[in-house]
Amino acid sequence: MRATGSRFQAHGPQRETRAAQSTANAKRRTPPWLGLLFIFGGYFLLQAISRGLITETLGMDDADQVLLAQKWNWGYGPQPPLYTWLVILFSKAFGLSSFTMALLKSALLFGIYTLTYFIARRLTASHTVALTAAVGLQFMPSIAYEAHRELTHSILASLMVLATLLVFLRLRQTDAPRVTQTQGMSLSAPTISPEAGWGHYLLLGVLGGLGILSKYNYSIFYGALIIAALSMKSWRTIIWNVRAATAVLVTLLILAPNLFWIKSHPDLALASMGKFDIDPHHSFRGMLHGIESWVTTSLDQVGLLLVVFVLPCWRGLLSSGVRSKLPGEASRLLFRVFCWIGGLIVFGIIISGATNCRNRWLQPLMIPAPILVAAMCSEQLCGRRLKVILGLAATVTVGVTLAAPGRILLTERLGKVEGLNAPFRSLARQLAQPLQKVPAIYCADTATAGNLRIWFPDKLVTAPGVSKLYPPSSPCALIWDPSMAGSVGFSSREARRIGRTPSEAMQVMARWKYHHTRTMQLDLLLPKMSE
């Protein structure tokens with residue numbers, strides 16, 4: 001007995017040491033989200049690098065932003081100024097190029113996927129559910145593919161929506177994971193944290209102002225979030241206090257200079273109102289058409305996401321009501337936010353008479369959808385269902401990685417015309433010497449002007465679409481693509497203004513990138529003093 005006892009005494013400290021080492025190792029263990037961030041970062045950096053290497057040409061949206069970002073201003077047109085400010089900052093840091101524009105976009109997309117993960121994890125306290133919510137963005141075509149192809153302000157507004165939502169959730173709820181685990185997921189018991197300090201509320205106000213400065217329809221989300229919180233007893237005290245009112249005041253103060261700019265430049269600020277196809281008679285048929293357009297566009301945004309999640313999890317979703325499938329008050333708040341967003345949009349359609357709703361307009365308002373869907377399916381996201389969803393997301397990722405450069409490299413084989421193949425580098429080299437003494441360039445279209453500004457960053461470059469912001473100074477050179485619609489009218493009208501005729505123009509030509517026969521021509525008309 002003594003020997004046995006001494007043996008236990010000898011091994012006792014060893015067991016305690018091993019237990020302490022295991023605890024220390026657990027503390028030093030890499031958090032599961034860190035590897036995920038590396039994957040997201042690598043993916044989006046790869047997209048930016050491949051975009052910059054394959055072609056130096058800008059798409060329509062990027063060319064427009066490069067053209068606008070020639071000076072700081074409180075407004076640039078129908079879109080708010082925050083994205084243009086970011087273009088100015090990035091261009092000062094990295095120079096003007098297609099890589100710079102792709103890097104800015106990739107940084108914003110990285111933020112969107114990262115914030116989606118952390119919001120979902122806060123709602124469910126589950127790495128698995130948060131992971132599926134983040135990869136669920138791959139089932140929203142406007143984010144998974146269109147964001148790499150075009151889009152600017154919608155991407156920034158989507159990021160601001162998620163940042164605002166995360167800060168708002170931190171005003172009240174903190175997640176306390178239980179020790180027990182169910183089906184590989186740690187469950188959480190929502191607990192009420194002490195009232196958030198002034199810092200959180202002021203940050204919320206700043207994000208609200210910057211969100212509206214990123215895209216005006218962000219205000220629909222901001223309003224829906226406040227109304228949804230006021231409609232819930234558990235959230236009402238969080239939003240009905242002096243600190244919240246101060247946050248709203250901060251939002252208005254940040255927005256005020258842009259509002260004054262809109263008042264002073266209504267023609268520029270309202271230049272795109274025609275895109276809404278407003279029915280001047282506000283007929284019942286027009287209202288139905290507008291609501292139908294909103295519904296179909298919403299399904300374009302989240303239809304595939306719902307199919308991918310609901311099909312594997314439909315039995316569990318049908319076993320009880322929607323409320324019972326929402327884990328906690330924060331998830332129920334998000335559900336109400338979506339309800340109020342829909343209500344505000346329908347109200348806006350009825351009041352304004354708008355009959356057209358475009359896909360990109362809804363992207364910021366639908367961006368939290370994967371979080372809500374993953375939270376509702378949280379009990380089902382395990383085993384084979386989880387593998388199916390992650391496998392489909394990986395397939396989409398590989399497809400986008402190949403399709404994004406493939407549409408440029410294979411455009412001739414596919415028999416399509418892709419603006420990113422335009423050979424502006426070669427054309428700019430031919431234009432460099434003739435334009436050496438010209439301080440300003442006036443182009444017939446925005447795409448040509450934005451792309452030429454990359455190669456002539458020290459000159460004023462403008463086009464009819466931005467001529468009120470950047471009027472063509474004298475002397476200026478005229479450049480137009482004779483194959484473009486409206487080039488004849490532009491060349492004859494502007495040539496008379498500088499005392500020239502279109503027949504005096506010189507031509508430069510270059511073969512389109514990744515084409516064997518297709519060529520592009522630009523006509524250049526110089527002012528007399530530059531000759």
# chains A, B, ... in the order shown; residues from 1 in each chain; ligands from 1
>>> select_by_dssp(residues="stretch 269-427 of chain A", states="alpha helix (DSSP H)", output="ChimeraX atom specification")
/A:269,284-318,329-352,359-366,369-376,383-409,424-427
>>> residues_around(residues="stretch 417-434 of chain A", least_positions_apart="2", cutoff="9 Å", atoms="only C-alpha atoms", output="PDB file with N, CA and C atoms, in the first residue's frame")
ATOM      1  N   THR A  55      -4.498  43.048 -67.764  1.00  0.00           N
ATOM      2  CA  THR A  55      -4.811  44.225 -68.577  1.00  0.00           C
ATOM      3  C   THR A  55      -4.694  45.487 -67.746  1.00  0.00           C
ATOM      4  N   GLU A  56      -4.181  46.535 -68.387  1.00  0.00           N
ATOM      5  CA  GLU A  56      -4.057  47.834 -67.736  1.00  0.00           C
ATOM      6  C   GLU A  56      -5.272  48.713 -67.981  1.00  0.00           C
ATOM      7  N   THR A  57      -6.248  48.212 -68.715  1.00  0.00           N
ATOM      8  CA  THR A  57      -7.427  48.995 -69.088  1.00  0.00           C
ATOM      9  C   THR A  57      -8.466  48.960 -67.977  1.00  0.00           C
ATOM     10  N   LEU A  58      -9.134  50.071 -67.764  1.00  0.00           N
ATOM     11  CA  LEU A  58     -10.169  50.190 -66.737  1.00  0.00           C
ATOM     12  C   LEU A  58     -11.542  49.893 -67.314  1.00  0.00           C
ATOM     13  N   GLY A  59     -12.396  49.306 -66.479  1.00  0.00           N
ATOM     14  CA  GLY A  59     -13.791  49.157 -66.841  1.00  0.00           C
ATOM     15  C   GLY A  59     -14.523  50.484 -66.731  1.00  0.00           C
ATOM     16  N   MET A  60     -15.803  50.469 -67.090  1.00  0.00           N
ATOM     17  CA  MET A  60     -16.561  51.715 -67.135  1.00  0.00           C
ATOM     18  C   MET A  60     -16.635  52.397 -65.774  1.00  0.00           C
ATOM     19  N   ARG A 407     -12.512  35.941 -69.207  1.00  0.00           N
ATOM     20  CA  ARG A 407     -13.338  36.791 -70.066  1.00  0.00           C
ATOM     21  C   ARG A 407     -12.498  37.806 -70.827  1.00  0.00           C
ATOM     22  N   ILE A 408     -11.282  38.081 -70.343  1.00  0.00           N
ATOM     23  CA  ILE A 408     -10.379  38.997 -71.037  1.00  0.00           C
ATOM     24  C   ILE A 408      -9.481  38.239 -72.004  1.00  0.00           C
ATOM     25  N   LEU A 409      -8.924  37.129 -71.533  1.00  0.00           N
ATOM     26  CA  LEU A 409      -7.980  36.371 -72.348  1.00  0.00           C
ATOM     27  C   LEU A 409      -8.650  35.664 -73.515  1.00  0.00           C
ATOM     28  N   THR A 411     -11.670  36.506 -75.010  1.00  0.00           N
ATOM     29  CA  THR A 411     -12.776  37.260 -75.603  1.00  0.00           C
ATOM     30  C   THR A 411     -12.879  37.059 -77.117  1.00  0.00           C
ATOM     31  N   GLU A 412     -11.744  36.933 -77.801  1.00  0.00           N
ATOM     32  CA  GLU A 412     -11.794  36.730 -79.252  1.00  0.00           C
ATOM     33  C   GLU A 412     -12.361  35.354 -79.591  1.00  0.00           C
ATOM     34  N   LEU A 414     -14.375  33.637 -77.805  1.00  0.00           N
ATOM     35  CA  LEU A 414     -15.788  33.604 -77.445  1.00  0.00           C
ATOM     36  C   LEU A 414     -16.642  34.463 -78.360  1.00  0.00           C
ATOM     37  N   GLY A 415     -16.004  35.229 -79.236  1.00  0.00           N
ATOM     38  CA  GLY A 415     -16.737  36.075 -80.168  1.00  0.00           C
ATOM     39  C   GLY A 415     -17.422  37.246 -79.506  1.00  0.00           C
ATOM     40  N   GLN A 436       2.488  66.544 -75.762  1.00  0.00           N
ATOM     41  CA  GLN A 436       3.502  66.982 -74.820  1.00  0.00           C
ATOM     42  C   GLN A 436       3.275  68.412 -74.322  1.00  0.00           C
ATOM     43  N   LYS A 437       2.848  69.313 -75.199  1.00  0.00           N
ATOM     44  CA  LYS A 437       2.692  70.717 -74.835  1.00  0.00           C
ATOM     45  C   LYS A 437       1.244  71.107 -74.536  1.00  0.00           C
ATOM     46  N   VAL A 438       0.348  70.125 -74.514  1.00  0.00           N
ATOM     47  CA  VAL A 438      -1.073  70.416 -74.295  1.00  0.00           C
ATOM     48  C   VAL A 438      -1.414  70.190 -72.822  1.00  0.00           C
ATOM     49  N   ALA A 447     -15.177  56.566 -70.724  1.00  0.00           N
ATOM     50  CA  ALA A 447     -14.258  55.427 -70.691  1.00  0.00           C
ATOM     51  C   ALA A 447     -12.904  55.792 -71.285  1.00  0.00           C
ATOM     52  N   THR A 448     -12.903  56.480 -72.424  1.00  0.00           N
ATOM     53  CA  THR A 448     -11.646  56.904 -73.038  1.00  0.00           C
ATOM     54  C   THR A 448     -10.914  57.898 -72.148  1.00  0.00           C
ATOM     55  N   ASN A 451      -9.391  56.187 -68.967  1.00  0.00           N
ATOM     56  CA  ASN A 451      -8.235  55.356 -69.284  1.00  0.00           C
ATOM     57  C   ASN A 451      -7.030  56.179 -69.700  1.00  0.00           C
ATOM     58  N   LEU A 452      -7.241  57.293 -70.396  1.00  0.00           N
ATOM     59  CA  LEU A 452      -6.106  58.138 -70.775  1.00  0.00           C
ATOM     60  C   LEU A 452      -5.530  58.889 -69.580  1.00  0.00           C
ATOM     61  N   TRP A 455      -2.409  57.451 -68.079  1.00  0.00           N
ATOM     62  CA  TRP A 455      -1.144  57.669 -68.777  1.00  0.00           C
ATOM     63  C   TRP A 455      -0.747  59.142 -68.852  1.00  0.00           C
ATOM     64  N   PHE A 456      -1.701  60.025 -68.542  1.00  0.00           N
ATOM     65  CA  PHE A 456      -1.404  61.466 -68.516  1.00  0.00           C
ATOM     66  C   PHE A 456      -1.910  62.061 -67.209  1.00  0.00           C
ATOM     67  N   VAL A 508      -4.346  57.492 -84.544  1.00  0.00           N
ATOM     68  CA  VAL A 508      -3.444  56.496 -83.958  1.00  0.00           C
ATOM     69  C   VAL A 508      -4.221  55.196 -83.845  1.00  0.00           C
ATOM     70  N   MET A 509      -3.540  54.074 -84.092  1.00  0.00           N
ATOM     71  CA  MET A 509      -4.205  52.771 -84.095  1.00  0.00           C
ATOM     72  C   MET A 509      -3.353  51.751 -83.351  1.00  0.00           C
ATOM     73  N   ALA A 510      -4.027  50.759 -82.768  1.00  0.00           N
ATOM     74  CA  ALA A 510      -3.329  49.668 -82.086  1.00  0.00           C
ATOM     75  C   ALA A 510      -4.233  48.442 -82.083  1.00  0.00           C
ATOM     76  N   ARG A 511      -3.611  47.289 -82.037  1.00  0.00           N
ATOM     77  CA  ARG A 511      -4.375  46.048 -82.009  1.00  0.00           C
ATOM     78  C   ARG A 511      -4.879  45.783 -80.588  1.00  0.00           C
ATOM     79  N   TRP A 512      -6.121  45.330 -80.486  1.00  0.00           N
ATOM     80  CA  TRP A 512      -6.716  45.038 -79.187  1.00  0.00           C
ATOM     81  C   TRP A 512      -5.921  43.942 -78.479  1.00  0.00           C
ATOM     82  N   LYS A 513      -5.865  44.015 -77.149  1.00  0.00           N
ATOM     83  CA  LYS A 513      -5.135  43.017 -76.383  1.00  0.00           C
ATOM     84  C   LYS A 513      -5.785  41.642 -76.557  1.00  0.00           C
ATOM     85  N   TYR A 514      -4.936  40.642 -76.757  1.00  0.00           N
ATOM     86  CA  TYR A 514      -5.351  39.248 -76.902  1.00  0.00           C
ATOM     87  C   TYR A 514      -6.243  39.038 -78.119  1.00  0.00           C
ATOM     88  N   HIS A 515      -6.072  39.899 -79.139  1.00  0.00           N
ATOM     89  CA  HIS A 515      -6.765  39.758 -80.421  1.00  0.00           C
ATOM     90  C   HIS A 515      -5.710  39.674 -81.528  1.00  0.00           C
ATOM     91  N   THR A 519      -8.665  45.954 -84.285  1.00  0.00           N
ATOM     92  CA  THR A 519      -7.875  47.135 -83.952  1.00  0.00           C
ATOM     93  C   THR A 519      -8.771  48.240 -83.406  1.00  0.00           C
ATOM     94  N   MET A 520      -8.145  49.175 -82.721  1.00  0.00           N
ATOM     95  CA  MET A 520      -8.850  50.335 -82.164  1.00  0.00           C
ATOM     96  C   MET A 520      -8.179  51.601 -82.676  1.00  0.00           C
ATOM     97  N   GLN A 521      -8.973  52.594 -83.008  1.00  0.00           N
ATOM     98  CA  GLN A 521      -8.463  53.855 -83.524  1.00  0.00           C
ATOM     99  C   GLN A 521      -8.949  55.012 -82.665  1.00  0.00           C
ATOM    100  N   LEU A 522      -8.066  55.955 -82.416  1.00  0.00           N
ATOM    101  CA  LEU A 522      -8.423  57.208 -81.772  1.00  0.00           C
ATOM    102  C   LEU A 522      -8.019  58.352 -82.686  1.00  0.00           C
ATOM    103  N   LEU A 524      -7.113  62.392 -82.965  1.00  0.00           N
ATOM    104  CA  LEU A 524      -6.578  63.461 -82.133  1.00  0.00           C
ATOM    105  C   LEU A 524      -6.570  64.769 -82.917  1.00  0.00           C
ATOM    106  N   LEU A 526      -5.393  68.635 -82.335  1.00  0.00           N
ATOM    107  CA  LEU A 526      -4.625  69.523 -81.475  1.00  0.00           C
ATOM    108  C   LEU A 526      -5.027  70.981 -81.659  1.00  0.00           C
ATOM    109  N   SER A 530      -0.327  74.471 -80.059  1.00  0.00           N
ATOM    110  CA  SER A 530       0.528  73.360 -79.652  1.00  0.00           C
ATOM    111  C   SER A 530       1.360  72.827 -80.792  1.00  0.00           C
ATOM    112  N   GLU A 531       1.094  73.256 -82.005  1.00  0.00           N
ATOM    113  CA  GLU A 531       1.812  72.721 -83.156  1.00  0.00           C
ATOM    114  C   GLU A 531       3.180  73.376 -83.310  1.00  0.00           C
TER     115      GLU A 531
END
>>> residues_around(residues="stretch 33-49 of chain A", least_positions_apart="4", cutoff="10 Å", atoms="only C-alpha atoms", output="ChimeraX atom specification")
/A:53-54,98-111,113-114,117-118,121,127,130-131,134-135,148,397,400-401,404-405
>>> residues_around(residues="stretch 261-265 of chain A", least_positions_apart="5", cutoff="10 Å", atoms="only C-alpha atoms", output="VMD selection string")
chain A and resid 73 to 78 80 256 270 468
>>> atom_distance(atom1="atom CA of A:Arg518", atom2="atom CA of A:Ser483")
12.6 Å
>>> closest_residue(among="A:Met273, A:Ala244, A:Ala375, A:Val388", to="A:Pro312", atoms="only C-alpha atoms")
A:Val388
>>> select_by_dssp(residues="stretch 66-291 of chain A", states="strand (DSSP E)", output="PyMOL selection string")
chain A and resi 173-182+185-192
>>> closest_residue(among="A:Ala228, A:Leu326, A:Leu299, A:Leu82", to="A:Leu255", atoms="only C-alpha atoms")
A:Leu82
>>> residues_around(residues="A:Gly223", least_positions_apart="3", cutoff="12 Å", atoms="only C-alpha atoms", output="PyMOL selection string")
chain A and resi 161+164+208+211-212+216-220+226-230+248+251+336-345+365
>>> write_last_selection(atoms="N, CA, C and O atoms", output="short mmCIF file (atom, residue, chain, number, x, y, z; two decimals), in the first residue's frame")
data_model
loop_
_atom_site.label_atom_id
_atom_site.label_comp_id
_atom_site.auth_asym_id
_atom_site.auth_seq_id
_atom_site.Cartn_x
_atom_site.Cartn_y
_atom_site.Cartn_z
N VAL A 161 -22.56 48.92 -44.35
CA VAL A 161 -23.74 48.29 -43.74
C VAL A 161 -23.31 47.27 -42.70
O VAL A 161 -23.82 47.23 -41.57
N THR A 164 -21.62 48.93 -39.64
CA THR A 164 -22.65 49.54 -38.80
C THR A 164 -23.40 48.50 -37.99
O THR A 164 -23.65 48.68 -36.80
N GLY A 208 -22.63 55.82 -39.62
CA GLY A 208 -23.86 56.22 -40.30
C GLY A 208 -23.61 57.31 -41.33
O GLY A 208 -24.11 57.26 -42.46
N GLY A 211 -21.52 55.89 -44.14
CA GLY A 211 -22.34 54.97 -44.94
C GLY A 211 -23.18 55.69 -45.96
O GLY A 211 -23.25 55.28 -47.13
N ILE A 212 -23.81 56.78 -45.56
CA ILE A 212 -24.61 57.55 -46.51
C ILE A 212 -23.72 58.22 -47.55
O ILE A 212 -24.11 58.36 -48.72
N TYR A 216 -26.25 56.50 -51.29
CA TYR A 216 -27.40 57.10 -50.61
C TYR A 216 -28.43 56.08 -50.13
O TYR A 216 -29.12 56.32 -49.14
N ASN A 217 -28.54 54.94 -50.80
CA ASN A 217 -29.54 53.97 -50.35
C ASN A 217 -29.12 53.27 -49.06
O ASN A 217 -29.91 52.51 -48.48
N TYR A 218 -27.90 53.53 -48.59
CA TYR A 218 -27.52 53.06 -47.25
C TYR A 218 -28.48 53.61 -46.20
O TYR A 218 -28.72 52.97 -45.17
N SER A 219 -29.02 54.80 -46.44
CA SER A 219 -29.93 55.42 -45.48
C SER A 219 -31.16 54.56 -45.24
O SER A 219 -31.76 54.63 -44.17
N ILE A 220 -31.56 53.74 -46.23
CA ILE A 220 -32.69 52.82 -46.03
C ILE A 220 -32.34 51.81 -44.94
O ILE A 220 -33.14 51.53 -44.04
N ILE A 226 -32.82 51.45 -37.10
CA ILE A 226 -33.34 52.23 -35.96
C ILE A 226 -34.80 51.86 -35.68
O ILE A 226 -35.19 51.63 -34.52
N ILE A 227 -35.60 51.77 -36.74
CA ILE A 227 -37.02 51.43 -36.55
C ILE A 227 -37.17 50.03 -35.97
O ILE A 227 -38.00 49.78 -35.08
N ALA A 228 -36.38 49.07 -36.48
CA ALA A 228 -36.45 47.70 -35.98
C ALA A 228 -36.10 47.64 -34.50
O ALA A 228 -36.73 46.92 -33.72
N ALA A 229 -35.08 48.40 -34.09
CA ALA A 229 -34.70 48.41 -32.68
C ALA A 229 -35.80 49.02 -31.82
O ALA A 229 -36.09 48.52 -30.72
N LEU A 230 -36.42 50.08 -32.30
CA LEU A 230 -37.50 50.71 -31.54
C LEU A 230 -38.73 49.81 -31.43
O LEU A 230 -39.51 49.94 -30.48
N VAL A 248 -27.05 59.98 -33.97
CA VAL A 248 -27.77 60.46 -35.15
C VAL A 248 -27.33 61.87 -35.52
O VAL A 248 -27.18 62.21 -36.70
N THR A 251 -24.12 61.70 -37.34
CA THR A 251 -24.38 61.29 -38.72
C THR A 251 -24.78 62.48 -39.58
O THR A 251 -24.28 62.66 -40.70
N ARG A 336 -36.06 41.58 -38.40
CA ARG A 336 -36.94 42.75 -38.49
C ARG A 336 -36.34 43.84 -39.37
O ARG A 336 -37.08 44.57 -40.04
N VAL A 337 -35.02 43.96 -39.35
CA VAL A 337 -34.37 44.95 -40.21
C VAL A 337 -34.71 44.66 -41.67
O VAL A 337 -35.07 45.57 -42.44
N PHE A 338 -34.64 43.39 -42.07
CA PHE A 338 -34.99 43.03 -43.45
C PHE A 338 -36.46 43.33 -43.74
O PHE A 338 -36.80 43.80 -44.84
N CYS A 339 -37.32 43.07 -42.78
CA CYS A 339 -38.75 43.37 -42.98
C CYS A 339 -38.96 44.87 -43.18
O CYS A 339 -39.72 45.28 -44.08
N TRP A 340 -38.30 45.68 -42.38
CA TRP A 340 -38.46 47.13 -42.51
C TRP A 340 -37.80 47.66 -43.77
O TRP A 340 -38.29 48.63 -44.36
N ILE A 341 -36.71 47.06 -44.20
CA ILE A 341 -36.10 47.45 -45.47
C ILE A 341 -37.10 47.25 -46.60
O ILE A 341 -37.30 48.14 -47.46
N GLY A 342 -37.74 46.10 -46.62
CA GLY A 342 -38.75 45.83 -47.64
C GLY A 342 -39.90 46.82 -47.56
O GLY A 342 -40.36 47.33 -48.59
N GLY A 343 -40.34 47.12 -46.34
CA GLY A 343 -41.44 48.06 -46.19
C GLY A 343 -41.08 49.46 -46.65
O GLY A 343 -41.87 50.14 -47.32
N LEU A 344 -39.87 49.91 -46.33
CA LEU A 344 -39.43 51.25 -46.75
C LEU A 344 -39.27 51.33 -48.26
O LEU A 344 -39.59 52.36 -48.88
N ILE A 345 -38.78 50.25 -48.88
CA ILE A 345 -38.62 50.26 -50.34
C ILE A 345 -39.98 50.32 -51.02
O ILE A 345 -40.18 51.10 -51.97
N LEU A 365 -28.24 46.52 -49.35
CA LEU A 365 -29.37 46.23 -48.47
C LEU A 365 -29.55 44.73 -48.25
O LEU A 365 -30.12 44.32 -47.23
#
>>> closest_residue(among="A:Ala449, A:Leu435, A:Leu306, A:Met366", to="A:Phe139", atoms="only C-alpha atoms")
A:Leu306
>>> closest_residue(among="A:Arg453, A:Arg493, A:His289, A:Lys215", to="A:Pro364", atoms="only C-alpha atoms")
A:Lys215
>>> residues_around(residues="A:Gln301", least_positions_apart="3", cutoff="9 Å", atoms="only C-alpha atoms", output="short mmCIF file (atom, residue, chain, number, x, y, z; two decimals) with all heavy atoms, in the first residue's frame")
data_model
loop_
_atom_site.label_atom_id
_atom_site.label_comp_id
_atom_site.auth_asym_id
_atom_site.auth_seq_id
_atom_site.Cartn_x
_atom_site.Cartn_y
_atom_site.Cartn_z
N PHE A 139 -22.60 32.78 -53.00
CA PHE A 139 -23.85 32.44 -53.68
C PHE A 139 -24.70 33.67 -53.98
O PHE A 139 -25.87 33.55 -54.36
CB PHE A 139 -24.65 31.44 -52.83
CG PHE A 139 -23.86 30.22 -52.45
CD1 PHE A 139 -23.64 29.91 -51.13
CD2 PHE A 139 -23.31 29.39 -53.42
CE1 PHE A 139 -22.90 28.80 -50.76
CE2 PHE A 139 -22.56 28.28 -53.08
CZ PHE A 139 -22.35 27.99 -51.74
N MET A 140 -24.10 34.85 -53.82
CA MET A 140 -24.73 36.10 -54.23
C MET A 140 -23.96 36.61 -55.44
O MET A 140 -22.84 37.13 -55.31
CB MET A 140 -24.71 37.13 -53.09
CG MET A 140 -25.49 36.70 -51.87
SD MET A 140 -25.43 37.91 -50.51
CE MET A 140 -26.39 39.26 -51.22
N PRO A 141 -24.49 36.46 -56.65
CA PRO A 141 -23.72 36.76 -57.88
C PRO A 141 -23.14 38.17 -57.92
O PRO A 141 -22.05 38.37 -58.45
CB PRO A 141 -24.76 36.54 -58.99
CG PRO A 141 -25.75 35.58 -58.41
CD PRO A 141 -25.82 35.92 -56.96
N SER A 142 -23.86 39.15 -57.37
CA SER A 142 -23.36 40.52 -57.46
C SER A 142 -22.08 40.71 -56.64
O SER A 142 -21.27 41.59 -56.95
CB SER A 142 -24.43 41.50 -56.98
OG SER A 142 -24.67 41.35 -55.59
N ILE A 143 -21.90 39.90 -55.59
CA ILE A 143 -20.68 39.97 -54.78
C ILE A 143 -19.63 39.02 -55.32
O ILE A 143 -18.46 39.37 -55.47
CB ILE A 143 -21.00 39.64 -53.31
CG1 ILE A 143 -21.63 40.86 -52.62
CG2 ILE A 143 -19.75 39.24 -52.55
CD1 ILE A 143 -20.68 42.01 -52.39
N THR A 296 -38.23 40.77 -58.07
CA THR A 296 -37.39 39.96 -58.96
C THR A 296 -35.91 40.28 -58.76
O THR A 296 -35.06 39.37 -58.79
CB THR A 296 -37.78 40.19 -60.42
OG1 THR A 296 -37.72 41.59 -60.73
CG2 THR A 296 -39.19 39.69 -60.69
N THR A 297 -35.59 41.54 -58.54
CA THR A 297 -34.20 41.90 -58.29
C THR A 297 -33.70 41.34 -56.97
O THR A 297 -32.55 40.91 -56.86
CB THR A 297 -34.04 43.44 -58.30
OG1 THR A 297 -34.55 43.96 -59.52
CG2 THR A 297 -32.58 43.82 -58.18
N SER A 298 -34.57 41.33 -55.95
CA SER A 298 -34.20 40.73 -54.67
C SER A 298 -33.92 39.25 -54.82
O SER A 298 -32.96 38.71 -54.22
CB SER A 298 -35.32 40.95 -53.64
OG SER A 298 -35.54 42.33 -53.41
N LEU A 304 -30.19 32.24 -55.22
CA LEU A 304 -29.26 31.11 -55.19
C LEU A 304 -28.83 30.80 -53.76
O LEU A 304 -28.70 29.62 -53.38
CB LEU A 304 -28.04 31.43 -56.06
CG LEU A 304 -26.96 30.35 -56.14
CD1 LEU A 304 -27.52 29.07 -56.71
CD2 LEU A 304 -25.77 30.85 -56.97
N LEU A 305 -28.62 31.83 -52.96
CA LEU A 305 -28.25 31.63 -51.55
C LEU A 305 -29.31 30.82 -50.82
O LEU A 305 -29.01 29.87 -50.08
CB LEU A 305 -28.05 32.99 -50.89
CG LEU A 305 -27.86 33.00 -49.38
CD1 LEU A 305 -26.49 32.46 -49.01
CD2 LEU A 305 -28.05 34.41 -48.81
N ASN A 359 -30.08 45.64 -59.99
CA ASN A 359 -29.44 44.67 -59.10
C ASN A 359 -28.45 45.32 -58.16
O ASN A 359 -28.44 45.08 -56.94
CB ASN A 359 -28.77 43.59 -59.94
CG ASN A 359 -28.52 42.32 -59.15
OD1 ASN A 359 -27.81 42.34 -58.16
ND2 ASN A 359 -29.10 41.23 -59.60
N ARG A 360 -27.59 46.17 -58.70
CA ARG A 360 -26.52 46.75 -57.89
C ARG A 360 -27.06 47.67 -56.81
O ARG A 360 -26.40 47.89 -55.79
CB ARG A 360 -25.53 47.51 -58.77
CG ARG A 360 -26.15 48.68 -59.55
CD ARG A 360 -25.09 49.43 -60.33
NE ARG A 360 -24.44 48.59 -61.33
CZ ARG A 360 -23.37 48.96 -62.02
NH1 ARG A 360 -22.83 50.15 -61.81
NH2 ARG A 360 -22.83 48.17 -62.91
N LEU A 362 -29.57 47.13 -54.89
CA LEU A 362 -30.02 46.36 -53.73
C LEU A 362 -28.89 45.64 -53.01
O LEU A 362 -29.09 45.12 -51.91
CB LEU A 362 -31.07 45.32 -54.16
CG LEU A 362 -32.47 45.83 -54.45
CD1 LEU A 362 -33.40 44.67 -54.74
CD2 LEU A 362 -33.01 46.67 -53.31
N GLN A 363 -27.71 45.59 -53.62
CA GLN A 363 -26.63 44.82 -53.00
C GLN A 363 -26.34 45.23 -51.56
O GLN A 363 -26.27 44.37 -50.67
CB GLN A 363 -25.36 44.92 -53.85
CG GLN A 363 -24.22 44.06 -53.32
CD GLN A 363 -22.90 44.43 -53.94
OE1 GLN A 363 -22.14 45.23 -53.42
NE2 GLN A 363 -22.61 43.84 -55.08
N MET A 366 -29.05 43.91 -49.15
CA MET A 366 -29.19 42.47 -49.03
C MET A 366 -27.93 41.79 -48.52
O MET A 366 -27.92 40.58 -48.31
CB MET A 366 -29.55 41.87 -50.40
CG MET A 366 -30.77 42.48 -51.06
SD MET A 366 -32.26 42.34 -50.04
CE MET A 366 -32.55 40.58 -50.11
N ILE A 367 -26.85 42.55 -48.29
CA ILE A 367 -25.57 41.95 -47.94
C ILE A 367 -25.59 41.16 -46.63
O ILE A 367 -24.84 40.19 -46.48
CB ILE A 367 -24.46 43.03 -47.93
CG1 ILE A 367 -23.08 42.38 -48.07
CG2 ILE A 367 -24.54 43.89 -46.69
CD1 ILE A 367 -22.83 41.74 -49.38
#
>>> atom_distance(atom1="atom CA of A:Leu171", atom2="atom CA of A:Gly197")
8.3 Å
